[in-house]
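Q: Quick one: the structure is below, and I'll ask about it shortly.
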Amino acid sequence: MLEGNELCGVELVQNVARRILSELRRVIVGKYEIIELMLISLLSEGNILMEGVPGVAKTTIAKMFAHATGCEFHRIQFTPDLQPSDITGIYVYDQKKQEFKYYESPIFANIVLADEINRAAPKTQSAMLEAMEEKTITVEGVSRSLPRPFMMIATENPIELEGTYSLPEAQIDRFTFKLALELPEDEEELGVLRLKNEQLSNGMQEGVCKRVSHPEEVLRCIDIVRRVHVEEKVMQYIRDIVMCTRNHEDVLLGASPRGSINLLITSKARAAMLGRSYVIPDDVKYLAPHVLNHRIILTPEAELAKVKVEDVIRDVLSTVSIPWS
């Protein structure tokens, strides 16, 4: 097999994706779709909101994902007393030099874990918005670019509400995907125990995996993903899906234009990961539930009738005609 630096185009993206996914599947039991979507988000330069009860390995998956990609990883533990300056960095007066010196925060990394993001106050949460969207940090009128590639992975616990602040819809919309980590099934739980037992028996450190890529290679893949071809009919298909969410009888607020753009970019990333230089409707159809699930607000009547967002998306995808079908 050709090495990554000998490949070009979508072959490089496919090769890098295969290496990263294979390594992560070696050290993570299950969660294969979650890992694949994380890689799609990284290649799309997006952000992820990861939701799950305690103990389902949200933090571990984020750390191992960063390590396998070779990207620099920093973690910010969100607490009620966390200040915006803890996110953006701060100027400190140097008495010896008689000048103010800027000190970077942990957000200056390729992959940043915002752990339990909903425990911080809204003013602190809002300090993340510029980084998530513009990939910059502005302090005292000076903007600084974050390292590329850059991806924010935020986690939250959906069952513990005491001492938390719900993320506003405007902030949730900035996440490319909202991923739900469920409790494992029987065989997956047994697999977790086997892996842990092997680590304990052999004195292995938990969550150890190999670096199988590096930031420069990931950036090359991102550039290739951007150039993946999308037919006009496929873009019309994306438009029709998004417009249908806005006009659905059970929907109070449908997907935003940012949602349609995210659906376009992630479809390009998936196509390249599968070795294609063009997007097909199946890419869009596969990613639509993951891109749109946190961008749709149901009407009160639909919520009373126990309608779920997943039901609406399924109905939309069955309603909108597929190009070339």
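Residue numbers start at 1 in each chain; chains themselves are named A, B, ... in the order of the structure tokens; ligands are numbered from 1 in the order shown.
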Which residues are close to Glu232 in chain A, i.e. within 12 Å by only C-alpha atoms, leaving aside same-chain residues fewer than 3 positions away? Reply as a list of chain:residue names.
A: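 Once the nearby chain positions are removed, what remains is A:His229, A:Met235, A:Gln236, A:Tyr237, A:Ile238, A:Arg239, A:Leu264, A:Tyr278, A:Val279, A:Ile280, A:Pro281, A:Pro323.
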Q: Write out, as a Markdown table, each residue of range 166-234 of chain A that has an atom at most 9 Å from range 100-122 of chain A, together with the closest pair of atoms and their distance in Å to one decimal, counting only C-alpha atoms, rows going by chain and rising number.
A:
```
| residue | atom | partner | partner_atom | distance |
| --- | --- | --- | --- | --- |
| A:Ser166 | CA | A:Asn118 | CA | 5.9 |
| A:Leu167 | CA | A:Asn118 | CA | 6.4 |
| A:Pro168 | CA | A:Pro122 | CA | 8.7 |
| A:Pro215 | CA | A:Asn110 | CA | 8.0 |
```
Q: If you run DSSP over the backbone, which residues in range 50-293 of chain A end up strand (DSSP E)? Put them as a ChimeraX atom specification.
A: /A:50-51,73-77,90-94,99-103,111-115,136-139,142-145,151-156,177-180,251-253
Q: Could you pull the residues within 12 Å of range 183-188 of chain A, counting only C-alpha atoms, minus those fewer than 6 positions along the same chain, as a list in words?
A: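 The residues that qualify are Ile28, Val29, Gly30, Lys31, Tyr32, Glu51, Gly52, Val53, Pro54, Gly55, Val56, Ala57, Lys58, Arg194 and Leu195 of chain A.
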Q: Write a file of the just-selected residues containing all heavy atoms, as a tab-separated table (two decimals), in the first residue's frame.
A:
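What ended up in result.tsv:
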```
chain	number	residue	atom	x	y	z
A	28	ILE	N	-11.21	1.33	21.01
A	28	ILE	CA	-12.54	1.73	21.47
A	28	ILE	C	-13.53	0.64	21.09
A	28	ILE	O	-13.57	0.20	19.94
A	28	ILE	CB	-12.97	3.08	20.84
A	28	ILE	CG1	-12.02	4.20	21.28
A	28	ILE	CG2	-14.40	3.42	21.22
A	28	ILE	CD1	-12.29	5.53	20.60
A	29	VAL	N	-14.31	0.23	22.05
A	29	VAL	CA	-15.32	-0.82	21.82
A	29	VAL	C	-16.61	-0.16	21.34
A	29	VAL	O	-17.18	0.69	22.02
A	29	VAL	CB	-15.59	-1.64	23.10
A	29	VAL	CG1	-16.65	-2.69	22.83
A	29	VAL	CG2	-14.30	-2.28	23.59
A	30	GLY	N	-17.06	-0.56	20.15
A	30	GLY	CA	-18.28	0.03	19.60
A	30	GLY	C	-18.08	1.50	19.22
A	30	GLY	O	-16.97	1.95	18.96
A	31	LYS	N	-19.19	2.23	19.19
A	31	LYS	CA	-19.17	3.68	18.89
A	31	LYS	C	-18.54	3.97	17.53
A	31	LYS	O	-17.98	5.04	17.31
A	31	LYS	CB	-18.40	4.45	19.98
A	31	LYS	CG	-18.86	4.16	21.41
A	31	LYS	CD	-20.24	4.68	21.68
A	31	LYS	CE	-20.63	4.57	23.14
A	31	LYS	NZ	-20.81	3.20	23.61
A	32	TYR	N	-18.64	3.01	16.59
A	32	TYR	CA	-17.98	3.19	15.30
A	32	TYR	C	-18.57	4.36	14.51
A	32	TYR	O	-17.84	5.12	13.88
A	32	TYR	CB	-18.05	1.89	14.49
A	32	TYR	CG	-17.38	0.71	15.16
A	32	TYR	CD1	-17.90	-0.58	15.06
A	32	TYR	CD2	-16.22	0.90	15.92
A	32	TYR	CE1	-17.27	-1.65	15.69
A	32	TYR	CE2	-15.59	-0.17	16.55
A	32	TYR	CZ	-16.13	-1.44	16.44
A	32	TYR	OH	-15.52	-2.50	17.07
A	51	GLU	N	-23.35	14.34	23.75
A	51	GLU	CA	-24.26	14.25	24.88
A	51	GLU	C	-24.38	12.80	25.34
A	51	GLU	O	-24.53	11.88	24.52
A	51	GLU	CB	-25.64	14.78	24.47
A	51	GLU	CG	-26.60	14.97	25.63
A	51	GLU	CD	-27.90	15.61	25.18
A	51	GLU	OE1	-28.75	14.89	24.63
A	51	GLU	OE2	-28.07	16.83	25.37
A	52	GLY	N	-24.30	12.60	26.65
A	52	GLY	CA	-24.42	11.25	27.18
A	52	GLY	C	-24.31	11.25	28.69
A	52	GLY	O	-23.74	12.16	29.29
A	53	VAL	N	-24.84	10.20	29.30
A	53	VAL	CA	-24.80	10.08	30.76
A	53	VAL	C	-23.36	9.84	31.20
A	53	VAL	O	-22.50	9.48	30.37
A	53	VAL	CB	-25.71	8.92	31.24
A	53	VAL	CG1	-27.15	9.20	30.85
A	53	VAL	CG2	-25.25	7.59	30.66
A	54	PRO	N	-23.05	10.04	32.47
A	54	PRO	CA	-21.67	9.83	32.93
A	54	PRO	C	-21.20	8.41	32.69
A	54	PRO	O	-21.96	7.44	32.82
A	54	PRO	CB	-21.76	10.14	34.43
A	54	PRO	CG	-22.94	11.04	34.58
A	54	PRO	CD	-23.92	10.57	33.54
A	55	GLY	N	-19.93	8.27	32.34
A	55	GLY	CA	-19.32	6.96	32.23
A	55	GLY	C	-19.41	6.29	30.87
A	55	GLY	O	-19.06	5.11	30.75
A	56	VAL	N	-19.85	7.01	29.83
A	56	VAL	CA	-19.94	6.38	28.50
A	56	VAL	C	-18.75	6.73	27.62
A	56	VAL	O	-18.79	6.56	26.40
A	56	VAL	CB	-21.27	6.75	27.80
A	56	VAL	CG1	-22.45	6.11	28.50
A	56	VAL	CG2	-21.44	8.27	27.71
A	57	ALA	N	-17.70	7.25	28.22
A	57	ALA	CA	-16.39	7.47	27.56
A	57	ALA	C	-16.37	8.67	26.62
A	57	ALA	O	-15.63	8.68	25.64
A	57	ALA	CB	-15.95	6.22	26.81
A	58	LYS	N	-17.12	9.70	26.92
A	58	LYS	CA	-17.10	10.90	26.07
A	58	LYS	C	-15.71	11.53	26.05
A	58	LYS	O	-15.16	11.82	24.98
A	58	LYS	CB	-18.14	11.92	26.58
A	58	LYS	CG	-19.58	11.43	26.57
A	58	LYS	CD	-20.55	12.53	26.94
A	58	LYS	CE	-20.42	13.00	28.37
A	58	LYS	NZ	-20.75	11.96	29.36
A	194	ARG	N	-13.69	-6.84	28.71
A	194	ARG	CA	-12.54	-7.60	28.20
A	194	ARG	C	-11.35	-6.68	27.93
A	194	ARG	O	-10.21	-7.00	28.27
A	194	ARG	CB	-12.94	-8.33	26.92
A	194	ARG	CG	-13.85	-9.54	27.14
A	194	ARG	CD	-14.38	-10.04	25.82
A	194	ARG	NE	-15.20	-11.23	25.99
A	194	ARG	CZ	-16.10	-11.64	25.10
A	194	ARG	NH1	-16.28	-10.94	23.98
A	194	ARG	NH2	-16.80	-12.73	25.32
A	195	LEU	N	-11.62	-5.53	27.30
A	195	LEU	CA	-10.55	-4.59	26.99
A	195	LEU	C	-9.91	-4.05	28.27
A	195	LEU	O	-8.68	-3.97	28.38
A	195	LEU	CB	-11.08	-3.43	26.15
A	195	LEU	CG	-10.09	-2.34	25.77
A	195	LEU	CD1	-8.94	-2.92	24.94
A	195	LEU	CD2	-10.77	-1.21	25.02
```
Q: Please build the interface table for range 137-217 of chain A against range 79-92 of chain A with a cut-off of 12 Å, listing for each qualifying residue the nearest atom pair and the distance in Å to one decimal; count only C-alpha atoms, order rows by chain and increasing number, and write it as a Markdown table.
A:
```
| residue | atom | partner | partner_atom | distance |
| --- | --- | --- | --- | --- |
| A:Ile137 | CA | A:Thr88 | CA | 6.1 |
| A:Thr138 | CA | A:Thr88 | CA | 7.2 |
| A:Val139 | CA | A:Thr88 | CA | 6.9 |
| A:Glu140 | CA | A:Tyr91 | CA | 8.6 |
| A:Gly141 | CA | A:Tyr91 | CA | 11.9 |
| A:Val142 | CA | A:Tyr91 | CA | 11.2 |
| A:Ser143 | CA | A:Thr88 | CA | 10.3 |
| A:Arg144 | CA | A:Thr88 | CA | 9.9 |
| A:Ser145 | CA | A:Thr88 | CA | 11.6 |
| A:Leu146 | CA | A:Thr88 | CA | 10.8 |
| A:Glu156 | CA | A:Thr79 | CA | 11.9 |
| A:Glu162 | CA | A:Pro80 | CA | 11.3 |
| A:Gly163 | CA | A:Pro80 | CA | 7.6 |
| A:Thr164 | CA | A:Pro80 | CA | 8.0 |
| A:Tyr165 | CA | A:Pro80 | CA | 9.2 |
```
Q: Would you list the contacts of Met50 in chain A as a list in words, taking every protein, DNA or RNA residue within 8 Å and counting only C-alpha atoms, but skipping same-chain residues closer than 2 positions in sequence?
A: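 My reading of the contact set: Ile48, Gly52, Lys58, Ile153, Ala154, Thr155, Glu156, Lys178, Leu179, Ala180 and Leu181 of chain A.
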Q: I need the chosen residues saved as a compact mmCIF listing (two decimals), in the first residue's frame, with N, CA, C and O atoms.
A:
```txt
# COMPACT_ATOMS: atom_id res chain seq x y z
N ILE A 48 -18.42 19.64 17.44
CA ILE A 48 -19.29 18.54 17.87
C ILE A 48 -19.80 18.79 19.28
O ILE A 48 -19.03 19.18 20.16
N GLY A 52 -24.30 12.60 26.65
CA GLY A 52 -24.42 11.25 27.18
C GLY A 52 -24.31 11.25 28.69
O GLY A 52 -23.74 12.16 29.29
N LYS A 58 -17.12 9.70 26.92
CA LYS A 58 -17.10 10.90 26.07
C LYS A 58 -15.71 11.53 26.05
O LYS A 58 -15.16 11.82 24.98
N ILE A 153 -14.88 20.08 20.65
CA ILE A 153 -15.75 18.97 21.09
C ILE A 153 -16.28 19.34 22.46
O ILE A 153 -15.52 19.44 23.43
N ALA A 154 -17.57 19.59 22.55
CA ALA A 154 -18.20 19.95 23.82
C ALA A 154 -19.02 18.77 24.32
O ALA A 154 -19.66 18.07 23.53
N THR A 155 -18.98 18.53 25.62
CA THR A 155 -19.77 17.45 26.20
C THR A 155 -20.76 18.03 27.20
O THR A 155 -20.54 19.10 27.79
N GLU A 156 -21.86 17.33 27.36
CA GLU A 156 -22.83 17.70 28.39
C GLU A 156 -23.58 16.47 28.86
O GLU A 156 -23.72 15.49 28.13
N LYS A 178 -24.67 16.95 16.66
CA LYS A 178 -24.95 16.67 18.06
C LYS A 178 -25.06 15.15 18.18
O LYS A 178 -25.99 14.54 17.66
N LEU A 179 -24.07 14.55 18.85
CA LEU A 179 -23.97 13.10 18.92
C LEU A 179 -24.40 12.59 20.28
O LEU A 179 -23.97 13.12 21.31
N ALA A 180 -25.27 11.60 20.27
CA ALA A 180 -25.75 11.00 21.51
C ALA A 180 -25.01 9.70 21.77
O ALA A 180 -25.09 8.78 20.94
N LEU A 181 -24.28 9.63 22.87
CA LEU A 181 -23.60 8.39 23.26
C LEU A 181 -24.50 7.61 24.20
O LEU A 181 -24.73 8.01 25.34
```
Q: I'd like the contact shell of Phe177 in chain A - 7 Å cut-off, only C-alpha atoms, skipping same-chain residues fewer than 6 positions apart - returned as a list in words.
A: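 Once the adjacent positions are removed, what remains is Asn47, Ile48, Leu49, His290 and Val291 of chain A.
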Q: Could you give me, as a ChimeraX atom specification, the residues within 12 Å of Glu216 in chain A, counting only C-alpha atoms and dropping anything in the same chain fewer than 2 positions from it?
A: /A:4-5,16,69-72,110,147-149,213-214,218-223
Q: Mind dumping the selected residues with C-alpha atoms as a short mmCIF file (atom, residue, chain, number, x, y, z; two decimals), in the first residue's frame?
A:
```cif
data_model
loop_
_atom_site.label_atom_id
_atom_site.label_comp_id
_atom_site.auth_asym_id
_atom_site.auth_seq_id
_atom_site.Cartn_x
_atom_site.Cartn_y
_atom_site.Cartn_z
CA GLY A 4 0.05 8.83 2.82
CA ASN A 5 2.69 11.21 1.44
CA VAL A 16 -5.87 8.77 6.17
CA THR A 69 -4.99 12.16 14.32
CA GLY A 70 -1.74 13.53 15.73
CA CYS A 71 -3.43 16.82 16.63
CA GLU A 72 -2.59 18.88 19.71
CA ASN A 110 -6.12 21.69 17.22
CA PRO A 147 -4.24 26.70 14.94
CA ARG A 148 -5.51 24.68 12.01
CA PRO A 149 -7.08 22.24 11.88
CA SER A 213 -1.51 10.98 11.11
CA HIS A 214 -0.41 14.57 11.77
CA VAL A 218 -5.17 16.50 8.01
CA LEU A 219 -4.96 20.00 6.51
CA ARG A 220 -4.14 18.50 3.13
CA CYS A 221 -7.22 16.30 3.45
CA ILE A 222 -9.37 19.31 4.38
CA ASP A 223 -8.19 21.12 1.25
#
```
Q: Go through range 77-182 of chain A residue by residue and, counting only C-alpha atoms, keep those with an atom at most 12 Å from range 297-312 of chain A; for each kept residue give the shortest atom pair and its distance in Å to one decimal, ordered by chain and increasing number, as CSV.
A:
```
residue,atom,partner,partner_atom,distance
A:Glu169,CA,A:Ile297,CA,9.2
A:Ile172,CA,A:Ile297,CA,11.8
A:Asp173,CA,A:Ile297,CA,11.4
```
Q: Keeping only N, CA and C atoms, write the selected residues to a file as a PDB file, in the first residue's frame.
A:
```
ATOM      1  N   GLU A 169     -30.314  28.053  21.587  1.00  0.00           N
ATOM      2  CA  GLU A 169     -30.416  27.483  20.248  1.00  0.00           C
ATOM      3  C   GLU A 169     -29.366  28.063  19.306  1.00  0.00           C
ATOM      4  N   ILE A 172     -26.207  26.139  19.951  1.00  0.00           N
ATOM      5  CA  ILE A 172     -26.315  24.746  19.525  1.00  0.00           C
ATOM      6  C   ILE A 172     -26.205  24.644  18.008  1.00  0.00           C
ATOM      7  N   ASP A 173     -26.740  25.648  17.299  1.00  0.00           N
ATOM      8  CA  ASP A 173     -26.727  25.633  15.838  1.00  0.00           C
ATOM      9  C   ASP A 173     -25.311  25.703  15.277  1.00  0.00           C
TER      10      ASP A 173
END
```
Q: One decimal, Å: what's the distance from CA of Arg25 in chain A over to CA of Met38 in chain A, could you say?
A: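 CA of Met38 in chain A lies at a distance of 13.1 Å from CA of Arg25 in chain A.
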Q: Take CA of Val316 in chain A and CA of Glu231 in chain A and report the distance between them in Å, one decimal.
A: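 These atoms are spaced 21.1 Å apart.
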Q: Please compute the CA of Val13 in chain A-CA of Ser256 in chain A distance, one decimal, in Å.
A: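 Separation between CA of Val13 in chain A and CA of Ser256 in chain A: 28.7 Å.
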Q: From a DSSP pass on the backbone, collect the residues of range 118-305 of chain A flagged as helix (DSSP H, G or I) and hand them back as a VMD selection string.
A: chain A and resid 118 to 119 122 to 134 169 to 172 186 to 201 215 to 226 232 to 247 257 to 273 281 to 292 300 to 304
